[in-house]
>>> print(open('query.cif').read())   # mmCIF, C-alpha atoms
data_my_file
loop_
_atom_site.label_atom_id
_atom_site.label_comp_id
_atom_site.auth_asym_id
_atom_site.auth_seq_id
_atom_site.Cartn_x
_atom_site.Cartn_y
_atom_site.Cartn_z
CA MET Q 1 34.58 27.92 3.75
CA GLY Q 2 36.41 26.93 0.59
CA LYS Q 3 35.57 27.99 -2.92
CA GLY Q 4 33.12 26.00 -4.94
CA PHE Q 5 31.01 25.03 -1.96
CA ARG Q 6 27.36 25.73 -1.87
CA VAL Q 7 25.69 25.87 1.51
CA HIS Q 8 22.19 24.41 1.36
CA MET Q 9 21.31 24.37 4.97
CA GLN Q 10 22.86 25.74 8.10
CA THR Q 11 21.53 25.57 11.62
CA ASP Q 12 23.38 25.65 14.94
CA LYS Q 13 23.30 21.92 14.74
CA LEU Q 14 23.85 20.77 11.19
CA THR Q 15 25.61 22.11 8.13
CA PHE Q 16 24.88 20.69 4.71
CA ARG Q 17 26.97 21.87 1.79
CA THR Q 18 27.76 20.48 -1.63
CA GLU Q 19 30.85 20.45 -3.73
CA ASN Q 20 31.52 19.39 -7.31
CA ARG Q 21 34.30 16.86 -7.52
CA ASP Q 22 35.20 15.22 -10.82
CA GLY Q 23 31.62 15.20 -11.99
CA ALA Q 24 30.32 13.88 -8.66
CA THR Q 25 28.18 15.79 -6.17
CA VAL Q 26 29.85 15.54 -2.79
CA VAL Q 27 27.66 16.45 0.16
CA HIS Q 28 29.47 17.40 3.36
CA ILE Q 29 27.28 16.81 6.38
CA ALA Q 30 28.68 18.32 9.57
CA GLY Q 31 27.28 18.44 13.09
CA GLU Q 32 24.41 16.53 14.62
CA LEU Q 33 21.91 14.69 12.46
CA ASP Q 34 18.93 14.02 14.70
CA LEU Q 35 15.14 14.30 14.79
CA GLU Q 36 15.21 18.09 15.06
CA VAL Q 37 16.95 18.59 11.71
CA ALA Q 38 15.71 15.45 9.93
CA SER Q 39 12.99 17.03 7.82
CA GLN Q 40 15.25 19.89 6.67
CA MET Q 41 17.89 17.36 5.79
CA ARG Q 42 15.39 15.29 3.79
CA THR Q 43 14.28 18.35 1.88
CA ALA Q 44 17.87 19.35 1.13
CA MET Q 45 18.72 15.82 -0.10
CA GLU Q 46 15.64 15.38 -2.26
CA PRO Q 47 16.80 17.14 -5.48
CA LEU Q 48 20.29 15.61 -5.23
CA MET Q 49 18.91 12.08 -4.89
CA GLN Q 50 17.12 12.49 -8.19
CA GLN Q 51 20.17 13.40 -10.28
CA SER Q 52 20.72 9.90 -11.64
CA ASP Q 53 23.44 10.90 -14.09
CA ARG Q 54 25.76 12.18 -11.37
CA ARG Q 55 27.57 10.20 -8.74
CA LEU Q 56 26.38 11.17 -5.25
CA VAL Q 57 28.85 11.02 -2.35
CA LEU Q 58 28.12 11.80 1.29
CA ASN Q 59 31.18 12.94 3.19
CA LEU Q 60 30.62 12.34 6.90
CA ARG Q 61 33.99 13.43 8.24
CA ASP Q 62 32.51 16.13 10.50
CA LEU Q 63 29.36 14.29 11.49
CA LYS Q 64 29.42 14.25 15.29
CA TYR Q 65 26.18 12.51 16.03
CA ILE Q 66 23.57 10.45 14.24
CA ASP Q 67 20.52 8.57 15.52
CA SER Q 68 17.96 6.23 13.95
CA THR Q 69 16.25 9.21 12.33
CA GLY Q 70 19.47 10.08 10.49
CA ILE Q 71 20.07 6.44 9.56
CA GLY Q 72 16.50 6.39 8.26
CA ILE Q 73 17.39 9.24 5.89
CA LEU Q 74 20.39 7.25 4.64
CA ILE Q 75 18.11 4.27 4.02
CA GLY Q 76 15.88 6.55 1.95
CA VAL Q 77 18.85 7.76 -0.10
CA LEU Q 78 20.12 4.18 -0.63
CA LYS Q 79 16.72 3.05 -1.86
CA ALA Q 80 16.21 6.05 -4.12
CA ARG Q 81 19.63 5.62 -5.73
CA HIS Q 82 19.11 1.87 -6.07
CA ALA Q 83 15.75 2.39 -7.78
CA ARG Q 84 17.45 4.68 -10.32
CA SER Q 85 20.58 2.50 -10.64
CA ALA Q 86 22.42 5.67 -9.75
CA PRO Q 87 25.91 5.72 -8.21
CA PHE Q 88 26.10 6.51 -4.51
CA ALA Q 89 28.80 6.28 -1.83
CA VAL Q 90 29.57 7.36 1.71
CA GLU Q 91 33.10 8.41 2.65
CA GLU Q 92 35.20 9.32 5.70
CA VAL Q 93 32.84 7.80 8.24
CA PRO Q 94 33.96 8.60 11.83
CA ASP Q 95 34.41 5.63 14.18
CA SER Q 96 31.49 6.57 16.44
CA VAL Q 97 29.18 6.74 13.43
CA ARG Q 98 30.65 3.56 11.91
CA LYS Q 99 29.80 1.72 15.12
CA LEU Q 100 26.12 2.60 14.74
CA PHE Q 101 26.19 1.73 11.03
CA ASP Q 102 27.60 -1.71 11.89
CA MET Q 103 25.17 -2.22 14.74
CA THR Q 104 22.05 -1.40 12.73
CA GLY Q 105 23.24 -3.37 9.71
CA ILE Q 106 23.34 -0.52 7.20
CA SER Q 107 27.13 -0.89 6.68
CA PRO Q 108 27.00 -3.69 4.07
CA PHE Q 109 24.56 -1.67 1.98
CA LEU Q 110 26.82 1.37 2.13
CA SER Q 111 29.97 -0.55 1.22
CA ALA Q 112 28.16 -2.47 -1.52
CA ALA Q 113 27.20 0.90 -2.96
CA GLU Q 114 30.80 2.07 -2.67
CA GLN Q 115 32.34 -0.93 -4.39
CA SER Q 116 30.01 -1.34 -7.31
CA GLY Q 117 29.50 2.35 -7.91
CA GLU Q 118 25.82 1.84 -7.64
CA THR Q 119 23.49 0.65 -4.93
CA THR Q 120 22.94 -3.07 -4.91
CA ASN Q 121 22.21 -5.65 -2.30
CA PRO Q 122 25.15 -6.55 -0.09
CA THR Q 123 26.88 -9.72 -1.24
CA ASN Q 124 27.43 -11.02 2.27
CA ASN Q 125 23.83 -11.24 3.19
CA GLN Q 126 23.53 -13.31 6.32
CA MET L 127 27.62 11.69 43.24
CA LYS L 128 27.07 9.61 46.33
CA LYS L 129 25.32 6.27 46.71
CA GLU L 130 21.90 7.17 45.35
CA ALA L 131 21.44 10.39 43.48
CA ASN L 132 18.59 11.43 41.24
CA VAL L 133 18.39 14.20 38.71
CA THR L 134 15.07 14.91 37.05
CA LEU L 135 14.61 16.85 33.86
CA THR L 136 11.25 17.70 32.33
CA VAL L 137 11.18 18.96 28.76
CA PRO L 138 8.42 19.72 26.23
CA ALA L 139 7.83 16.73 23.93
CA LYS L 140 9.42 18.51 20.98
CA PRO L 141 12.40 17.55 18.79
CA GLU L 142 14.42 20.64 19.72
CA TYR L 143 14.66 19.58 23.36
CA VAL L 144 16.18 16.15 22.82
CA ASP L 145 19.73 17.52 22.60
CA LEU L 146 19.21 19.12 26.01
CA VAL L 147 18.63 15.63 27.39
CA ARG L 148 21.87 14.46 25.74
CA LEU L 149 23.80 17.34 27.30
CA THR L 150 22.43 16.54 30.75
CA LEU L 151 23.24 12.87 30.30
CA TYR L 152 26.77 13.78 29.27
CA GLY L 153 27.31 15.82 32.44
CA ILE L 154 25.97 13.15 34.74
CA ALA L 155 27.74 10.21 33.09
CA ALA L 156 31.05 12.09 32.98
CA LYS L 157 30.76 12.80 36.73
CA MET L 158 30.30 9.07 37.24
CA ASN L 159 33.46 8.33 35.24
CA PHE L 160 31.80 6.49 32.42
CA SER L 161 34.14 6.21 29.44
CA TYR L 162 33.74 8.37 26.37
CA GLU L 163 32.45 5.43 24.38
CA GLU L 164 29.95 4.42 27.05
CA ILE L 165 28.66 7.98 27.19
CA GLU L 166 28.27 8.07 23.41
CA ASP L 167 26.29 4.82 23.58
CA MET L 168 23.99 6.18 26.27
CA LYS L 169 23.52 9.44 24.37
CA VAL L 170 22.11 7.59 21.40
CA ALA L 171 19.96 5.29 23.55
CA VAL L 172 18.41 8.09 25.61
CA SER L 173 17.78 10.13 22.46
CA GLU L 174 15.98 7.21 20.86
CA ALA L 175 13.73 6.89 23.91
CA CYS L 176 13.01 10.64 23.79
CA ASN L 177 12.41 10.53 20.01
CA ASN L 178 9.75 7.88 20.55
CA ALA L 179 8.02 10.03 23.15
CA VAL L 180 8.23 13.12 20.94
CA LEU L 181 6.90 11.29 17.88
CA HIS L 182 4.32 8.95 19.32
CA ALA L 183 3.12 10.03 22.76
CA TYR L 184 0.90 12.96 21.99
CA GLY L 185 -1.48 13.98 19.22
CA GLU L 186 -0.69 16.82 16.84
CA GLU L 187 -2.78 19.35 18.76
CA GLU L 188 -1.70 18.14 22.14
CA SER L 189 1.25 19.58 24.00
CA GLY L 190 2.91 17.24 26.42
CA THR L 191 6.10 16.75 28.31
CA VAL L 192 8.75 14.10 28.68
CA GLU L 193 10.23 13.48 32.10
CA ILE L 194 13.70 12.02 32.32
CA ILE L 195 15.00 10.71 35.63
CA PHE L 196 18.70 9.95 35.89
CA ALA L 197 19.34 7.68 38.87
CA ALA L 198 22.92 6.86 39.79
CA ALA L 199 23.55 3.89 42.04
CA ASP L 200 26.91 3.58 43.77
CA ASP L 201 28.59 5.56 41.03
CA GLU L 202 28.63 2.41 38.98
CA MET L 203 25.25 2.12 37.43
CA LEU L 204 23.07 4.66 35.72
CA ARG L 205 19.37 4.09 35.32
CA ILE L 206 17.56 6.47 33.01
CA SER L 207 13.77 6.55 32.95
CA VAL L 208 12.09 8.34 30.08
CA ARG L 209 8.41 8.87 30.75
CA ASP L 210 5.57 10.43 28.85
CA GLN L 211 1.89 10.81 29.67
CA GLY L 212 0.70 9.98 26.20
CA GLY L 213 -2.35 7.86 25.52
CA SER L 214 -0.82 5.76 22.75
CA PHE L 215 -0.92 2.11 23.65
CA GLU L 216 -1.55 0.64 20.24
CA PRO L 217 1.47 -1.30 19.05
CA GLY L 218 3.33 0.99 16.66
CA PRO L 219 6.57 0.41 14.78
CA HIS L 220 8.41 2.00 17.70
CA ARG L 221 7.43 -0.87 19.96
CA HIS L 222 9.15 -3.43 17.82
CA ALA L 223 12.93 -3.78 17.64
CA SER L 224 14.27 -4.51 14.19
CA SER L 225 17.61 -4.14 12.40
CA LEU L 226 18.68 -4.27 8.76
CA HIS L 227 20.80 -7.41 9.12
CA GLY L 228 20.03 -10.11 6.58
CA LYS L 229 17.62 -8.00 4.60
CA SER L 230 17.61 -6.93 1.00
CA ILE L 231 17.67 -3.30 -0.07
CA GLU L 232 14.00 -3.58 -0.99
CA GLU L 233 13.14 -4.76 2.53
CA ILE L 234 15.11 -2.34 4.65
CA GLN L 235 13.29 0.45 6.48
CA SER L 236 13.89 2.56 9.54
CA GLY L 237 10.98 1.33 11.67
CA GLY L 238 12.20 -0.51 14.76
CA LEU L 239 15.77 0.78 14.55
CA GLY L 240 15.37 3.05 17.57
CA LEU L 241 14.39 0.29 19.95
CA TYR L 242 16.97 -2.03 18.39
CA LEU L 243 19.71 0.52 19.08
CA MET L 244 18.56 1.04 22.66
CA GLN L 245 18.79 -2.70 23.29
CA ALA L 246 22.18 -2.97 21.59
CA LEU L 247 23.69 0.01 23.40
CA MET L 248 22.39 -0.47 26.95
CA ASP L 249 22.63 -3.36 29.40
CA SER L 250 18.87 -3.47 29.75
CA VAL L 251 15.79 -1.82 28.33
CA GLU L 252 12.34 -2.10 29.90
CA VAL L 253 9.24 -0.63 28.37
CA ASN L 254 6.18 -0.07 30.52
CA THR L 255 2.95 1.17 28.96
CA GLU L 256 0.57 1.27 31.90
CA GLN L 257 0.19 5.04 32.18
CA GLY L 258 1.72 6.67 29.17
CA THR L 259 4.99 5.04 28.22
CA THR L 260 8.04 4.65 30.42
CA VAL L 261 11.31 3.36 29.01
CA VAL L 262 13.92 2.41 31.58
CA LEU L 263 17.49 2.20 30.29
CA THR L 264 20.25 0.79 32.46
CA LYS L 265 23.98 0.76 31.99
CA ARG L 266 26.67 -0.39 34.36
CA ARG L 267 30.05 1.25 34.13
CA MET L 268 32.68 -1.06 32.71
CA THR L 269 35.04 -2.19 35.47
CA VAL L 270 38.52 -3.64 35.14
CA GLU L 271 37.46 -7.20 35.74
CA LYS L 272 35.15 -7.97 32.88
CA VAL L 273 32.85 -10.94 33.20
#
>>> encode(input="query.cif", output="structure tokens")
Amino acid sequence: MGKGFRVHMQTDKLTFRTENRDGATVVHIAGELDLEVASQMRTAMEPLMQQSDRRLVLNLRDLKYIDSTGIGILIGVLKARHARSAPFAVEEVPDSVRKLFDMTGISPFLSAAEQSGETTNPTNNQ
Amino acid sequence: MKKEANVTLTVPAKPEYVDLVRLTLYGIAAKMNFSYEEIEDMKVAVSEACNNAVLHAYGEEESGTVEIIFAAADDEMLRISVRDQGGSFEPGPHRHASSLHGKSIEEIQSGGLGLYLMQALMDSVEVNTEQGTTVVLTKRRMTVEKV
């Protein structure tokens, strides 16, 4: 594990660690994000969601699995950041995860957040 | 697996057993030569069905089980039944499929996503609530000639 990382949560299934990057909090979520680890994940995210002055980035490069419970957590983060007009983005989304993001319809919200630097409604609302 | 083959798995209705169902599904679907992508799709769908059973079938004090039957037909089609013995037959959010498409950020919520994903990822989804809840998920292996 590299320097400057802080491990918040580690189970056999999911690792959640944060990194400071140019004034942003980058959260690396690795493993399987499902019902079993959902409440721990919510608890770990809670204080980070409330830091309105810092950009929050979720790095999903090593996320192997996500289900509707995990997507529900992302919805919660989106809403919380939107309510605070706080910057939020998701990066390095694996293809298998991207497919589920597209299917459920969360993708436009995530890319809207990425482009504007804060969470807004997607422009291509259809 | 030959013509008709069934594998039955019974697990406690607890979150920590859902990945066991995914592992079993992986083994069975790989034996049937489903593609990696098809297996990933089925993994999510079967987990969603199990999540619903874990979350909604039994009361807090109750301990129950979820029975999963994997039925392979002719090595081409996999039918997965996820059954609980829960008493919940009131229409909850899990009975209603709903996505985030066309909604505003204020409107989006996670209720209904599980069933929506099952329907999007499988060829068919049937929900029967006569005795407990049974969700039957079916997927046919993609063949060369696509209709």
>>> interface_residues(input="query.cif", of="chain Q", to="chain L", cutoff="10 Å", atoms="only C-alpha atoms", output="VMD selection string")
chain Q and resid 13 32 34 to 38 65 to 76 78 to 79 82 to 83 96 99 to 109 119 to 126
>>> atom_distance(input="query.cif", atom1="CA of Leu63 (chain Q)", atom2="CA of Ile195 (chain L)")
28.3 Å
>>> residues_around(input="query.cif", residues="Ala175 (chain L)", least_positions_apart="6", cutoff="9 Å", atoms="all atoms listed in the file", output="ChimeraX atom specification")
/L:208-209,240-241,244,260-263
>>> atom_distance(input="query.cif", atom1="CA of Gln50 (chain Q)", atom2="CA of Ala24 (chain Q)")
13.3 Å
>>> atom_distance(input="query.cif", atom1="CA of Gln211 (chain L)", atom2="CA of Met168 (chain L)")
22.8 Å
>>> residues_around(input="query.cif", residues="Ala198 (chain L)", least_positions_apart="6", cutoff="7 Å", atoms="all atoms listed in the file", output="PyMOL selection string")
chain L and resi 130-132+204-205
>>> write_last_selection(input="query.cif", atoms="C-alpha atoms", output="compact mmCIF listing (two decimals), in the coordinates of the input")
# COMPACT_ATOMS: atom_id res chain seq x y z
CA GLU L 130 21.90 7.17 45.35
CA ALA L 131 21.44 10.39 43.48
CA ASN L 132 18.59 11.43 41.24
CA LEU L 204 23.07 4.66 35.72
CA ARG L 205 19.37 4.09 35.32
>>> closest_residue(input="query.cif", among="Q:Ala86, Q:Val26, Q:Met45, Q:Leu33", to="Val57 (chain Q)", atoms="only C-alpha atoms")
Q:Val26
>>> resolve_selection(input="query.cif", expression="the PyMOL selection byres ((chain Q and resi 92) around 12)", output="JSON, numbers by chain")
{"Q": [26, 27, 28, 29, 30, 57, 58, 59, 60, 61, 62, 63, 89, 90, 91, 93, 94, 95, 96, 97, 98, 114]}
>>> residues_around(input="query.cif", residues="Ser189 (chain L)", least_positions_apart="5", cutoff="8 Å", atoms="all atoms listed in the file", output="list in words")
Pro138, Ala139 and Tyr184 of chain L
>>> resolve_selection(input="query.cif", expression="the PyMOL selection byres ((chain Q and resi 23) around 10)", output="ChimeraX atom specification")
/Q:19-22,24-26,53-56
>>> write_last_selection(input="query.cif", atoms="C-alpha atoms", output="mmCIF file, in the coordinates of the input")
data_model
loop_
_atom_site.group_PDB
_atom_site.id
_atom_site.type_symbol
_atom_site.label_atom_id
_atom_site.label_comp_id
_atom_site.auth_asym_id
_atom_site.auth_seq_id
_atom_site.Cartn_x
_atom_site.Cartn_y
_atom_site.Cartn_z
ATOM 1 C CA GLU Q 19 30.850 20.450 -3.730
ATOM 2 C CA ASN Q 20 31.520 19.390 -7.310
ATOM 3 C CA ARG Q 21 34.300 16.860 -7.520
ATOM 4 C CA ASP Q 22 35.200 15.220 -10.820
ATOM 5 C CA ALA Q 24 30.320 13.880 -8.660
ATOM 6 C CA THR Q 25 28.180 15.790 -6.170
ATOM 7 C CA VAL Q 26 29.850 15.540 -2.790
ATOM 8 C CA ASP Q 53 23.440 10.900 -14.090
ATOM 9 C CA ARG Q 54 25.760 12.180 -11.370
ATOM 10 C CA ARG Q 55 27.570 10.200 -8.740
ATOM 11 C CA LEU Q 56 26.380 11.170 -5.250
#
>>> closest_residue(input="query.cif", among="L:Thr136, L:Gly185, L:Asp210, L:Ala223", to="Gln257 (chain L)", atoms="all atoms listed in the file")
L:Asp210
>>> closest_residue(input="query.cif", among="L:Thr134, L:Asn159, L:Ser207, L:Thr150", to="Arg266 (chain L)", atoms="all atoms listed in the file")
L:Asn159
>>> resolve_selection(input="query.cif", expression="the PyMOL selection byres ((chain L and resi 160) around 10)", output="list in words")
Tyr152, Ile154, Ala155, Ala156, Lys157, Met158, Asn159, Ser161, Tyr162, Glu163, Glu164, Ile165, Glu166, Met168, Asp201, Glu202, Met203, Leu204, Lys265, Arg266, Arg267, Met268 and Thr269 of chain L
>>> decode(input="query.cif", residues="region 156-187 of chain L", atoms="N, CA and C atoms", output="compact mmCIF listing (two decimals), in the first residue's frame")
# COMPACT_ATOMS: atom_id res chain seq x y z
N ALA L 156 -20.36 -21.55 -15.96
CA ALA L 156 -19.10 -21.76 -16.68
C ALA L 156 -19.09 -23.16 -17.29
N LYS L 157 -19.58 -24.16 -16.54
CA LYS L 157 -19.69 -25.53 -17.06
C LYS L 157 -20.58 -25.58 -18.30
N MET L 158 -21.58 -24.70 -18.32
CA MET L 158 -22.52 -24.69 -19.45
C MET L 158 -22.02 -23.83 -20.61
N ASN L 159 -20.81 -23.31 -20.47
CA ASN L 159 -20.21 -22.48 -21.51
C ASN L 159 -20.87 -21.13 -21.77
N PHE L 160 -21.50 -20.61 -20.75
CA PHE L 160 -21.98 -19.23 -20.88
C PHE L 160 -20.76 -18.33 -20.97
N SER L 161 -20.90 -17.21 -21.67
CA SER L 161 -19.77 -16.29 -21.81
C SER L 161 -19.53 -15.56 -20.49
N TYR L 162 -18.36 -14.96 -20.39
CA TYR L 162 -18.01 -14.20 -19.19
C TYR L 162 -19.06 -13.13 -18.92
N GLU L 163 -19.45 -12.42 -19.97
CA GLU L 163 -20.40 -11.33 -19.79
C GLU L 163 -21.78 -11.84 -19.35
N GLU L 164 -22.20 -12.95 -19.95
CA GLU L 164 -23.49 -13.53 -19.55
C GLU L 164 -23.46 -13.97 -18.09
N ILE L 165 -22.32 -14.52 -17.68
CA ILE L 165 -22.20 -14.96 -16.28
C ILE L 165 -22.24 -13.75 -15.34
N GLU L 166 -21.56 -12.69 -15.72
CA GLU L 166 -21.60 -11.47 -14.90
C GLU L 166 -23.03 -10.95 -14.77
N ASP L 167 -23.76 -10.96 -15.87
CA ASP L 167 -25.17 -10.52 -15.85
C ASP L 167 -25.99 -11.35 -14.87
N MET L 168 -25.82 -12.68 -14.98
CA MET L 168 -26.61 -13.58 -14.13
C MET L 168 -26.22 -13.44 -12.66
N LYS L 169 -24.93 -13.17 -12.42
CA LYS L 169 -24.46 -12.98 -11.04
C LYS L 169 -25.21 -11.83 -10.37
N VAL L 170 -25.33 -10.73 -11.10
CA VAL L 170 -26.03 -9.58 -10.53
C VAL L 170 -27.51 -9.92 -10.33
N ALA L 171 -28.12 -10.53 -11.34
CA ALA L 171 -29.56 -10.83 -11.27
C ALA L 171 -29.88 -11.76 -10.10
N VAL L 172 -29.09 -12.82 -9.95
CA VAL L 172 -29.38 -13.79 -8.89
C VAL L 172 -29.12 -13.15 -7.52
N SER L 173 -28.12 -12.28 -7.44
CA SER L 173 -27.86 -11.59 -6.18
C SER L 173 -29.00 -10.67 -5.81
N GLU L 174 -29.56 -10.00 -6.80
CA GLU L 174 -30.69 -9.10 -6.53
C GLU L 174 -31.89 -9.88 -5.98
N ALA L 175 -32.13 -11.06 -6.57
CA ALA L 175 -33.23 -11.89 -6.09
C ALA L 175 -32.97 -12.34 -4.65
N CYS L 176 -31.73 -12.71 -4.37
CA CYS L 176 -31.37 -13.13 -3.01
C CYS L 176 -31.44 -11.95 -2.04
N ASN L 177 -30.97 -10.78 -2.47
CA ASN L 177 -31.04 -9.58 -1.62
C ASN L 177 -32.48 -9.33 -1.18
N ASN L 178 -33.40 -9.43 -2.13
CA ASN L 178 -34.81 -9.21 -1.80
C ASN L 178 -35.29 -10.18 -0.73
N ALA L 179 -34.90 -11.45 -0.88
CA ALA L 179 -35.31 -12.46 0.10
C ALA L 179 -34.69 -12.13 1.47
N VAL L 180 -33.41 -11.79 1.45
CA VAL L 180 -32.70 -11.48 2.71
C VAL L 180 -33.33 -10.27 3.41
N LEU L 181 -33.67 -9.25 2.62
CA LEU L 181 -34.17 -8.00 3.20
C LEU L 181 -35.65 -8.04 3.57
N HIS L 182 -36.45 -8.74 2.77
CA HIS L 182 -37.89 -8.59 2.92
C HIS L 182 -38.67 -9.83 3.35
N ALA L 183 -38.05 -11.01 3.28
CA ALA L 183 -38.85 -12.22 3.51
C ALA L 183 -39.22 -12.44 4.98
N TYR L 184 -38.25 -12.22 5.83
CA TYR L 184 -38.46 -12.60 7.23
C TYR L 184 -38.37 -11.41 8.16
N GLY L 185 -39.05 -11.50 9.28
CA GLY L 185 -38.97 -10.43 10.29
C GLY L 185 -37.61 -10.43 10.97
N GLU L 186 -37.36 -9.37 11.72
CA GLU L 186 -36.06 -9.20 12.38
C GLU L 186 -35.70 -10.38 13.28
N GLU L 187 -36.69 -10.88 14.01
CA GLU L 187 -36.42 -11.95 14.98
C GLU L 187 -36.43 -13.32 14.34
